[in-house]
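Asker: Following this message is one structure expressed as structure tokens.
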Amino acid sequence: MISILRKIPVTISQPISRLLMDSSNTHSHRLVSLAQQLRLYKPPPSSFDEFEERQFQETAGKVVSQVGFQESVTSIVHDPEKFRPKRAAVLICLFEGDAGDLRVILTKRSSRLSTHSGEVSLPGGKADEGDKDDGETATREAKEEIGLDPSLVDIVTVLEPFLSKHLLRVVPVIGILNNKKAFKPAPNPAEVEEVFDAPLEMFIKDENRRSEEREWMGEKYLLHLFDYESNKKKYLIWGLTAGILIRTASVVYQRPAAFVEQNPKFKFPGVVNNNTVMR
């Protein structure tokens with residue numbers, strides 16, 4: 001049994017000293033404290049080792065899914081030989097807003113895409129062979145999608161992996177953007193229509209949230225949907241993205257969501273192939 005922290009090096013490439021050097025910034029002390037807190041976070045153990053990859057595909061190698069749950073609530077951690085998923089990572093880039101609240105950078109996918117067009121997602125995608133760890137995967141993809149320079153982001157921890165609708169193993173990587181003004185969004189028009197941000201805390205509040213009951217192999221679960229409005233634009237944040245942000249907010253604010261999450265008690269299907277999805 002090998003823990004995620006052993007498999008995903010959290011020897012963070014960007015030292016906390018950079019945050020300390022910016023201590024003259026009005027809000028930087030909070031970010032320093034947050035970085036210290038998150039570096040101590042240890043995700044639940046996983047039984048995955050270096051397995052061969054199965055050919056599960058997400059759209060254009062990106063992480064967009066209507067459904068996604070923490071791997072630790074699924075049955076596959078007890079019998080990993082049945083399932084060897086492809087790996088991906090998403091970047092949860094946090095910064096301090098003008099009002100002193102913690103905010104997360106999100107994207108709206110291009111309306112010209114043939115699938116999942118216009119949906120909200122976190123920057124991220126599948127791992128490349130040359131990526132040294134999940135942090136590099138997440139920041140590389142963020143640079144490609146929204147022009148975020150990896151040198152601006154301090155990677156502080158990773159969360160337990162999530163399984164997407166198509167059974168892609170997605171690792172959430174938390175990074176801190178200490179100097180928001182240095183980030184000039186440059187969305188790749190082929191993939192991203194908009195770059196925006198939202199308050200992280202809203203994902204553990206029971207406001208602007210609704211849920212739908214779904215079923216996976218006879219087990220019921222709740223799909224959470226968050227309505228958000230910014231600059232007179234409306235966004236719907238749901239599925240895998242919402243699930244990851246609920247977990248992130250719970251870890252950051254060190255308290256559970258104010259609503260029932262109701263994850264399913266997963267049963268692993270007898271046959272797994274490219275058509276196996278969570279409904």
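Naming works like this for the structure tokens: A, B, ... for the chains as they're shown, residue 1 at the start of each chain, ligands 1 onward in shown order.
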Using only C-alpha atoms, determine which residues lie at most 7 Å from A:Ile246, disregarding the query and same-chain residues fewer than 4 positions distant; provide the list as an MDAnalysis selection string.

Answerer: chainID A and resid 203:204 242 250

Asker: In Å, how far is it from atom CA of A:Glu261 to atom CA of A:Ser121?

Answerer: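 These atoms are spaced 19.7 Å apart.
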
Asker: Which residue is closest to A:Asp133? Choose from A:Leu168, A:Leu177, A:Leu31, A:Ala89 and count only C-alpha atoms.

Answerer: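 Closest residue, counting only C-alpha atoms: A:Ala89.
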
Asker: Could you pull out the residues in stretch 69-244 of chain A that DSSP calls alpha helix (DSSP H) from the backbone, as a ChimeraX atom specification?

Answerer: /A:134-146,239-244

Asker: Give me the residues within 10 Å of A:Glu194 as a PyMOL selection string, counting only C-alpha atoms and dropping any in the same chain fewer than 2 places off.

Answerer: chain A and resi 106-110+118+120+146+185-189+191-192+196

Asker: Restricted to N, CA, C and O atoms, what would the selected residues look like written as an mmCIF file, in the first residue's frame?

Answerer:
```cif
data_model
loop_
_atom_site.group_PDB
_atom_site.id
_atom_site.type_symbol
_atom_site.label_atom_id
_atom_site.label_comp_id
_atom_site.auth_asym_id
_atom_site.auth_seq_id
_atom_site.Cartn_x
_atom_site.Cartn_y
_atom_site.Cartn_z
ATOM 1 N N LEU A 106 -11.052 29.692 -12.676
ATOM 2 C CA LEU A 106 -11.831 28.729 -13.452
ATOM 3 C C LEU A 106 -11.858 29.140 -14.914
ATOM 4 O O LEU A 106 -11.539 30.277 -15.269
ATOM 5 N N THR A 107 -12.231 28.212 -15.763
ATOM 6 C CA THR A 107 -12.345 28.504 -17.190
ATOM 7 C C THR A 107 -13.711 28.079 -17.718
ATOM 8 O O THR A 107 -14.352 27.184 -17.165
ATOM 9 N N LYS A 108 -14.125 28.747 -18.763
ATOM 10 C CA LYS A 108 -15.322 28.330 -19.496
ATOM 11 C C LYS A 108 -14.851 27.831 -20.849
ATOM 12 O O LYS A 108 -14.164 28.554 -21.594
ATOM 13 N N ARG A 109 -15.175 26.604 -21.147
ATOM 14 C CA ARG A 109 -14.703 26.000 -22.394
ATOM 15 C C ARG A 109 -15.302 26.698 -23.617
ATOM 16 O O ARG A 109 -16.408 27.230 -23.574
ATOM 17 N N SER A 110 -14.564 26.667 -24.696
ATOM 18 C CA SER A 110 -14.994 27.315 -25.927
ATOM 19 C C SER A 110 -16.328 26.758 -26.415
ATOM 20 O O SER A 110 -16.568 25.551 -26.379
ATOM 21 N N GLY A 118 -18.857 25.235 -23.636
ATOM 22 C CA GLY A 118 -19.425 26.203 -22.705
ATOM 23 C C GLY A 118 -19.442 25.779 -21.253
ATOM 24 O O GLY A 118 -19.921 26.526 -20.397
ATOM 25 N N VAL A 120 -17.954 24.836 -17.459
ATOM 26 C CA VAL A 120 -16.921 25.368 -16.576
ATOM 27 C C VAL A 120 -15.996 24.235 -16.132
ATOM 28 O O VAL A 120 -16.459 23.144 -15.795
ATOM 29 N N ILE A 146 -4.555 28.895 -20.412
ATOM 30 C CA ILE A 146 -4.896 30.267 -20.015
ATOM 31 C C ILE A 146 -3.690 31.193 -19.906
ATOM 32 O O ILE A 146 -3.823 32.337 -19.492
ATOM 33 N N PRO A 185 -4.402 36.880 -18.012
ATOM 34 C CA PRO A 185 -5.037 35.750 -18.697
ATOM 35 C C PRO A 185 -4.912 35.858 -20.218
ATOM 36 O O PRO A 185 -5.162 36.903 -20.812
ATOM 37 N N ALA A 186 -4.484 34.765 -20.827
ATOM 38 C CA ALA A 186 -4.376 34.684 -22.279
ATOM 39 C C ALA A 186 -4.991 33.363 -22.711
ATOM 40 O O ALA A 186 -4.270 32.392 -22.999
ATOM 41 N N PRO A 187 -6.327 33.276 -22.719
ATOM 42 C CA PRO A 187 -6.979 32.003 -23.035
ATOM 43 C C PRO A 187 -6.686 31.522 -24.444
ATOM 44 O O PRO A 187 -6.673 32.316 -25.392
ATOM 45 N N ASN A 188 -6.429 30.230 -24.573
ATOM 46 C CA ASN A 188 -6.238 29.603 -25.873
ATOM 47 C C ASN A 188 -7.615 29.502 -26.529
ATOM 48 O O ASN A 188 -8.470 28.750 -26.066
ATOM 49 N N PRO A 189 -7.874 30.244 -27.595
ATOM 50 C CA PRO A 189 -9.222 30.283 -28.179
ATOM 51 C C PRO A 189 -9.733 28.936 -28.675
ATOM 52 O O PRO A 189 -10.938 28.747 -28.811
ATOM 53 N N GLU A 191 -9.575 26.277 -27.025
ATOM 54 C CA GLU A 191 -10.048 25.503 -25.881
ATOM 55 C C GLU A 191 -10.876 26.304 -24.888
ATOM 56 O O GLU A 191 -11.828 25.785 -24.308
ATOM 57 N N VAL A 192 -10.496 27.562 -24.677
ATOM 58 C CA VAL A 192 -11.086 28.345 -23.592
ATOM 59 C C VAL A 192 -11.726 29.621 -24.114
ATOM 60 O O VAL A 192 -11.118 30.371 -24.880
ATOM 61 N N PHE A 196 -12.238 33.188 -15.469
ATOM 62 C CA PHE A 196 -12.872 33.964 -14.408
ATOM 63 C C PHE A 196 -12.502 33.345 -13.071
ATOM 64 O O PHE A 196 -11.788 32.351 -13.003
#
```

Asker: For A:Glu212, find every residue with an atom within 8 Å (counting only C-alpha atoms), except residues of its own chain fewer than 2 positions away, and show them as a list in words.

Answerer: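 My list of contacting residues is Arg210, Arg214, Leu222, Leu223 and His224 of chain A.
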
Asker: Keeping only C-alpha atoms, write the selected residues to a file as a PDB file, in the first residue's frame.

Answerer:
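Output file again_8.pdb follows:
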```pdb
ATOM      1  CA  ARG A 210     -29.002  22.610  -6.036  1.00  0.00           C
ATOM      2  CA  ARG A 214     -28.366  10.060  -9.974  1.00  0.00           C
ATOM      3  CA  LEU A 222     -26.242  13.420  -5.431  1.00  0.00           C
ATOM      4  CA  LEU A 223     -24.864  15.554  -8.247  1.00  0.00           C
ATOM      5  CA  HIS A 224     -24.224  19.114  -6.998  1.00  0.00           C
TER       6      HIS A 224
END
```

Asker: Can you tell me, as a ChimeraX atom specification, what residues are no more than 12 Å from A:Lys234 when counting only C-alpha atoms, ignoring any on the same chain fewer than 2 positions away?

Answerer: /A:108,118-120,194,196,198,208,226-232,236-237

Asker: Which one of A:Gln36, A:Thr139, A:Thr115, A:Ser211 sits closest to A:Trp238 if you count only C-alpha atoms?

Answerer: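 For A:Trp238, the nearest of the candidates is A:Ser211.
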
Asker: Between A:Thr137, A:Lys132, A:Gly124, A:Ala182, which is the closest to A:Ser151 once you count only C-alpha atoms?

Answerer: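 Looking at the shortest contact to A:Ser151, the residue is A:Ala182.
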
Asker: Which residue out of A:Ser164, A:Leu91, A:Leu34, A:Trp216 has the minimum interatomic distance to A:Arg140 when only C-alpha atoms are used?

Answerer: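 Nearest candidate to A:Arg140 out of A:Ser164, A:Leu91, A:Leu34, A:Trp216: A:Leu91.
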